[in-house]
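Participant: Structure below; questions to follow.
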Amino acid sequence: MSVSVLAQNLHGSEIIKIAGEINELKRQGQNIANLTIGDFDSNIYPIPAGLKQGIVDAYGDNQTNYPPADGMLSLRESVSAFLKSRYDLDYASTQILISGGSRPLIYSTYLAVVDPGDKVVFPAPSWNNNHYCDLTGAEAIIIPARPEHNFMPTANEIGPYLKGATLLALCSPLNPTGTMFTKKDLEEICDLVIAENKSRKPGEKPLYLLYDQIYSQLTFGQHGHFNPVSLRPELKDVTIFIDGASKCFASTGVRVGWGFGPAEVINHMKAIVGHMGAWSPKAEQVAMAKFLKQNDDVNGYLAKLKGQIQASLTTLYEGFQQLKAEGFNVDAIEPMGAIYLTIKIDYTGKTTPDGILLKTATDVNSYLIKAAKVAFVPFSAFGTGEDVNWFRASVGASTLQDIEQLVPRVKEALLKLK
């Protein structure tokens with residue numbers, strides 16, 4: 001059967017492939033610590049009780065027909081107030097778009113500002129930008145980020161590639177690393193965007209900045225979240241934010257995302273999302289509009305969620321640091337935000353007990369799934385080469401006890417390699 005060139009060349013999700021392998025092993029009765037999917041086990045991390053009851057009540061009130069294409073006005077107004085109180089950002093309801101999670105917002109941003117052949121600049125590792133470039137026919141300009149800088153791109157690394165680019169796609173806290181921009185580093189990148197746009201001729205398409213801050217409410221310790229518009233207000237006309245409730249309220253399945261930015265771009269994104277039918281369910285929107293106004297409930301939930309997530313991340317981080325201290329060729333970067341820990345397991349070139357040579361990070365991961373009953377995601381799933389021996393560990397679907405128990409299994413499995 002003949003299909004489109006796009007369909008032939010589009011790559012599937014590597015994370016879903018790994019998840020499929022794990023699910024098959026679980027079907028066989030094996031107990032695997034699944035640190036792959038960027039999701040929450042809702043039995044460990046249920047959504048806020050008030051939000052849950054609000055959704056039930058909204059269905060009881062028969063809020064089941066089509067919502068407005070740009071989202072319920074009540075929710076857009078609540079989001080506007082939320083942005084003001086949490087980030088001191090001023091966005092009117094007309095500058096806010098609601099969709100079924102953040103993915104349609106990212107895709108519609110690409111479709112709204114990027115033409116086929118346009119240059120899109122983004123770091124590796126990062127989540128799905130390579131696939132969105134494939135979907136829109138953009139030229140992907142991939143900037144390799146370094147562990148020495150917590151895998152966050154720097155102005156010096158980005159600067160040479162911005163001339164003539166249409167979109168710079170950034171995320172902080174970053175999926176897959178759980179690391180974040182410092183104020184200084186983000187300011188330097190913002191200044192590059194401003195300088196590039198000043199160099200362009202009148203009527204020329206500007207360099208837009210896509211800023212994904214879906215994890216911005218999940219930050220730990222002294223690490224604070226920064227955004228381009230607060231640091232450089234003149235970027236407001238070219239910055240499209242991606243945000244929503246999926247991560248901060250452990251509500252990935254509730255499907256309520258919000259994007260905000262310049263009204264002209266948001267209006268075009270509204271039309272695109274409408275044609276895709278990628279609306280957030282109306283009942284969930286009604287409930288979210290009410291919940292966001294319940295400041296004490298929001299703060300209480302976030303405090304508890306952040307405490308649990310940080311405990312799991314810190315336990316895993318300390319476990320890998322202990323392995324490193326014992327001489328194992330592993331490492332981990334301090335958890336800063338999101339639900340992810342960046343870990344290094346540099347065992348390519350080693351041979352398993354049954355004689356199989358581990359040639360790539362994917363091979364190492366497959367070995368650990370079988371030998372240590374734990375699954376991570378190689379950074380190759382996020383745009384790096386297979387020679388990069390760094391992995392994402394996602395703790396949202398595991399208990400603290402699960403995390404505590406997996407490190408000894410990893411140790412035992414690594415000891416068996418030759």
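Just so we're on the same page: first chain in the structure tokens is A, next is B, and so on; residues restart at 1 for each chain, and ligands are numbered from 1 in the order they show up.
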Residues within 8 Å of segment 281-286 of chain A, please, as a ChimeraX atom specification. Count only C-alpha atoms; anything in the same chain fewer than 2 positions from it doesn't count.

Facilitator: /A:54-55,58-59,63-67,71-72,74-75,100,254-256,279,288-290

Participant: List every residue of segment 198-269 of chain A that has an atom at most 9 Å from any atom of segment 21-42 of chain A, giving for each one its closest atom pair and the distance in Å to one decimal, counting only C-alpha atoms, sorted by chain and then by ascending residue number, as CSV.

Facilitator:
residue,atom,partner,partner_atom,distance
A:Ser246,CA,A:Asp39,CA,8.9
A:Lys247,CA,A:Asp39,CA,7.9
A:Ala250,CA,A:Phe40,CA,6.1
A:Ser251,CA,A:Phe40,CA,8.0
A:Thr252,CA,A:Asp39,CA,6.8

Participant: Would you save the residues from that selection as a tab-separated table (two decimals), in the first residue's frame, using C-alpha atoms?

Facilitator:
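Full text of selection22.tsv as output:
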chain	number	residue	atom	x	y	z
A	246	SER	CA	-1.01	17.90	33.20
A	247	LYS	CA	2.15	17.82	35.30
A	250	ALA	CA	-0.65	14.98	38.10
A	251	SER	CA	-3.56	15.13	35.68
A	252	THR	CA	-2.11	13.95	32.39

Participant: Find the spatial neighbours of Ile240 of chain A, counting only C-alpha atoms, within a cut-off of 12 Å - ignore same-chain residues fewer than 5 positions away - and output them as a PyMOL selection string.

Facilitator: chain A and resi 91+95-97+105-110+112-113+167-171+207-213+227-229+235+258-267+269

Participant: If you run DSSP on the backbone here, which positions in segment 342-399 of chain A get strand (DSSP E)? Please write them as a ChimeraX atom specification.

Facilitator: /A:342-345,374-375,377-378,390-394

Participant: How would the residues just picked look written out with N, CA and C atoms as a short mmCIF file (atom, residue, chain, number, x, y, z; two decimals), in the first residue's frame?

Facilitator:
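Result saved to part13.cif:
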data_model
loop_
_atom_site.label_atom_id
_atom_site.label_comp_id
_atom_site.auth_asym_id
_atom_site.auth_seq_id
_atom_site.Cartn_x
_atom_site.Cartn_y
_atom_site.Cartn_z
N THR A 342 18.42 12.87 35.51
CA THR A 342 19.37 12.54 34.45
C THR A 342 20.45 11.65 35.03
N ILE A 343 20.60 10.46 34.47
CA ILE A 343 21.59 9.51 34.98
C ILE A 343 22.50 9.03 33.84
N LYS A 344 23.71 8.73 34.22
CA LYS A 344 24.69 8.20 33.28
C LYS A 344 25.00 6.75 33.65
N ILE A 345 24.93 5.87 32.65
CA ILE A 345 25.29 4.47 32.84
C ILE A 345 26.19 4.11 31.66
N VAL A 374 14.52 -2.99 35.72
CA VAL A 374 14.30 -1.55 35.75
C VAL A 374 14.48 -1.00 34.34
N ALA A 375 13.65 -0.03 33.99
CA ALA A 375 13.69 0.53 32.64
C ALA A 375 13.82 2.05 32.69
N VAL A 377 15.00 5.57 29.90
CA VAL A 377 14.91 5.94 28.49
C VAL A 377 16.24 6.54 28.05
N PRO A 378 16.91 5.94 27.08
CA PRO A 378 18.16 6.53 26.58
C PRO A 378 17.91 7.90 25.96
N TRP A 390 23.67 8.57 28.47
CA TRP A 390 22.85 9.23 29.48
C TRP A 390 21.40 8.83 29.28
N PHE A 391 20.63 8.82 30.38
CA PHE A 391 19.28 8.29 30.37
C PHE A 391 18.35 9.19 31.18
N ARG A 392 17.07 9.14 30.83
CA ARG A 392 16.04 9.79 31.64
C ARG A 392 15.40 8.76 32.55
N ALA A 393 15.29 9.11 33.83
CA ALA A 393 14.55 8.31 34.79
C ALA A 393 13.36 9.12 35.26
N SER A 394 12.16 8.62 35.02
CA SER A 394 10.93 9.30 35.40
C SER A 394 10.33 8.60 36.62
#

Participant: Pick out each residue of segment 45-128 of chain A that DSSP on the backbone tags as helix (DSSP H, G or I); I need them as a count of residues only.

Facilitator: 41

Participant: Restricting the calculation to only C-alpha atoms, which member of A:Gln321, A:Gln217, A:Thr352, A:Asn175 is positioned closest to Tyr301 of chain A?

Facilitator: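 Among the listed residues, the smallest separation from Tyr301 of chain A belongs to A:Gln217.
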
Participant: Quick one: pull the distance between atom CA of Asp90 of chain A and atom CA of Val193 of chain A, Å, one decimal.

Facilitator: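 Interatomic distance, atom CA of Asp90 of chain A to atom CA of Val193 of chain A: 20.9 Å.
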
Participant: So that I can check the surroundings of Leu415 of chain A, please list as a list in words every protein, DNA and RNA residue that reaches within 12 Å of it, counting only C-alpha atoms and ignoring chain neighbours fewer than 3 positions away.

Facilitator: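 Residues meeting the cut-off are Leu323, Glu326, Gly327, Phe328, Asn329, Tyr347, Lys350, Thr351, Thr352, Pro353, Leu368, Ala371, Ala372, Pro408, Arg409, Val410, Lys411, Glu412 and Lys418 of chain A.
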
Participant: If you keep C-alpha atoms, can you produce a file of those selected residues as a compact mmCIF listing (two decimals), in the first residue's frame?

Facilitator:
# COMPACT_ATOMS: atom_id res chain seq x y z
CA LEU A 323 27.37 3.66 43.06
CA GLU A 326 31.99 2.72 44.82
CA GLY A 327 33.71 2.88 41.45
CA PHE A 328 30.85 2.14 39.06
CA ASN A 329 30.91 4.11 35.82
CA TYR A 347 28.67 0.48 30.05
CA LYS A 350 30.81 -4.47 27.99
CA THR A 351 29.57 -8.02 27.52
CA THR A 352 26.61 -9.61 29.29
CA PRO A 353 26.88 -12.95 31.12
CA LEU A 368 18.94 -3.55 32.65
CA ALA A 371 18.82 -8.21 34.50
CA ALA A 372 17.82 -5.48 36.97
CA PRO A 408 20.76 -2.58 44.50
CA ARG A 409 19.39 -4.46 41.48
CA VAL A 410 21.19 -2.10 39.12
CA LYS A 411 24.40 -2.63 41.10
CA GLU A 412 24.08 -6.40 40.92
CA LYS A 418 32.57 -8.11 31.67

Participant: When you draw a straight line from atom CA of Leu316 of chain A to atom CA of Thr179 of chain A, how long is it in Å?

Facilitator: 15.2 Å

Participant: Which is closest to Gly319 of chain A among A:Ile339, A:Arg76, A:Pro173, A:Asp331, if we use only C-alpha atoms?

Facilitator: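 The shortest atom-to-atom distance to Gly319 of chain A comes from A:Asp331.
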
Participant: Residues near segment 181-191 of chain A, anyone? I mean within 8 Å using only C-alpha atoms, not counting same-chain ones fewer than 6 positions away, as a PyMOL selection string.

Facilitator: chain A and resi 152+154-155+158-159+172-173+224-228+231-232+235

Participant: Using only C-alpha atoms, which residues sit within 9 Å of Gly277 of chain A once same-chain residues fewer than 4 positions away are excluded, as a PDB file with C-alpha atoms, in the first residue's frame?

Facilitator:
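Writing done, so here's out.pdb:
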ATOM      1  CA  ALA A  69     -12.782  26.516  20.046  1.00  0.00           C
ATOM      2  CA  ILE A 272      -5.610  25.096  13.748  1.00  0.00           C
ATOM      3  CA  VAL A 273      -6.614  23.423  17.025  1.00  0.00           C
TER       4      VAL A 273
END

Participant: Kindly indicate which residue among A:Leu6, A:Ile44, A:Leu192, A:Ile98 lies nearest to Asn156 of chain A, using only C-alpha atoms for the distances.

Facilitator: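 Closest to Asn156 of chain A, using only C-alpha atoms: A:Leu192.
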
Participant: Residues near segment 379-385 of chain A, anyone? I mean within 7 Å using only C-alpha atoms, not counting same-chain ones fewer than 4 positions away, as JSON, numbers by chain.

Facilitator: {"A": [14, 15, 124, 125, 126, 127, 128, 130, 390, 391, 392]}

Participant: Selected residues, all heavy atoms, written as a tab-separated table (two decimals), in the first residue's frame, please.

Facilitator:
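Output file result_26.tsv is given in full below:
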chain	number	residue	atom	x	y	z
A	14	GLU	N	10.12	6.37	20.57
A	14	GLU	CA	11.00	5.37	21.15
A	14	GLU	C	10.54	5.00	22.56
A	14	GLU	O	10.70	3.87	23.01
A	14	GLU	CB	12.44	5.89	21.19
A	14	GLU	CG	13.06	6.10	19.82
A	14	GLU	CD	13.17	4.81	19.03
A	14	GLU	OE1	13.46	3.77	19.65
A	14	GLU	OE2	12.94	4.84	17.82
A	15	ILE	N	9.96	5.97	23.26
A	15	ILE	CA	9.49	5.72	24.62
A	15	ILE	C	8.35	4.71	24.60
A	15	ILE	O	8.29	3.79	25.43
A	15	ILE	CB	9.03	7.03	25.29
A	15	ILE	CG1	10.17	8.05	25.26
A	15	ILE	CG2	8.58	6.78	26.72
A	15	ILE	CD1	9.77	9.43	25.73
A	124	ALA	N	19.41	19.17	21.84
A	124	ALA	CA	19.26	17.73	22.08
A	124	ALA	C	20.10	17.40	23.30
A	124	ALA	O	21.27	17.79	23.37
A	124	ALA	CB	19.73	16.93	20.88
A	125	PRO	N	19.49	16.75	24.31
A	125	PRO	CA	18.16	16.16	24.28
A	125	PRO	C	17.04	17.18	24.49
A	125	PRO	O	17.21	18.16	25.19
A	125	PRO	CB	18.19	15.18	25.46
A	125	PRO	CG	19.13	15.85	26.44
A	125	PRO	CD	20.20	16.48	25.59
A	126	SER	N	15.91	16.91	23.84
A	126	SER	CA	14.67	17.63	24.12
A	126	SER	C	13.53	16.77	23.60
A	126	SER	O	13.74	15.83	22.82
A	126	SER	CB	14.64	19.02	23.47
A	126	SER	OG	14.60	18.95	22.06
A	127	TRP	N	12.32	17.12	24.02
A	127	TRP	CA	11.18	16.25	23.74
A	127	TRP	C	10.45	16.64	22.46
A	127	TRP	O	9.91	17.74	22.35
A	127	TRP	CB	10.20	16.27	24.91
A	127	TRP	CG	9.02	15.37	24.72
A	127	TRP	CD1	8.96	14.03	24.92
A	127	TRP	CD2	7.72	15.76	24.26
A	127	TRP	NE1	7.72	13.55	24.60
A	127	TRP	CE2	6.93	14.59	24.20
A	127	TRP	CE3	7.16	16.99	23.88
A	127	TRP	CZ2	5.60	14.62	23.78
A	127	TRP	CZ3	5.84	17.01	23.45
A	127	TRP	CH2	5.08	15.83	23.41
A	128	ASN	N	10.50	15.75	21.47
A	128	ASN	CA	9.63	15.73	20.30
A	128	ASN	C	9.83	16.84	19.28
A	128	ASN	O	9.13	16.88	18.27
A	128	ASN	CB	8.15	15.73	20.72
A	128	ASN	CG	7.53	14.34	20.61
A	128	ASN	OD1	8.21	13.33	20.73
A	128	ASN	ND2	6.24	14.30	20.39
A	130	ASN	N	12.16	17.17	17.15
A	130	ASN	CA	12.54	16.55	15.88
A	130	ASN	C	11.32	16.03	15.14
A	130	ASN	O	11.23	16.15	13.91
A	130	ASN	CB	13.57	15.44	16.12
A	130	ASN	CG	13.12	14.42	17.15
A	130	ASN	OD1	12.28	14.70	18.00
A	130	ASN	ND2	13.68	13.22	17.10
A	390	TRP	N	23.67	8.57	28.47
A	390	TRP	CA	22.85	9.23	29.48
A	390	TRP	C	21.40	8.83	29.28
A	390	TRP	O	20.97	8.56	28.14
A	390	TRP	CB	23.00	10.75	29.41
A	390	TRP	CG	24.34	11.23	29.88
A	390	TRP	CD1	25.50	11.31	29.14
A	390	TRP	CD2	24.68	11.72	31.19
A	390	TRP	NE1	26.53	11.80	29.90
A	390	TRP	CE2	26.05	12.07	31.17
A	390	TRP	CE3	23.95	11.89	32.36
A	390	TRP	CZ2	26.70	12.58	32.28
A	390	TRP	CZ3	24.61	12.41	33.48
A	390	TRP	CH2	25.96	12.75	33.43
A	391	PHE	N	20.63	8.82	30.38
A	391	PHE	CA	19.28	8.29	30.37
A	391	PHE	C	18.35	9.19	31.18
A	391	PHE	O	18.79	9.87	32.11
A	391	PHE	CB	19.25	6.89	31.00
A	391	PHE	CG	20.10	5.87	30.31
A	391	PHE	CD1	21.49	5.86	30.47
A	391	PHE	CD2	19.53	4.90	29.49
A	391	PHE	CE1	22.28	4.91	29.85
A	391	PHE	CE2	20.32	3.94	28.87
A	391	PHE	CZ	21.70	3.95	29.05
A	392	ARG	N	17.07	9.14	30.83
A	392	ARG	CA	16.04	9.79	31.64
A	392	ARG	C	15.40	8.76	32.55
A	392	ARG	O	15.00	7.68	32.11
A	392	ARG	CB	14.95	10.40	30.75
A	392	ARG	CG	13.88	11.14	31.54
A	392	ARG	CD	12.75	11.64	30.66
A	392	ARG	NE	11.73	10.62	30.40
A	392	ARG	CZ	10.57	10.84	29.79
A	392	ARG	NH1	10.28	12.05	29.33
A	392	ARG	NH2	9.71	9.86	29.60
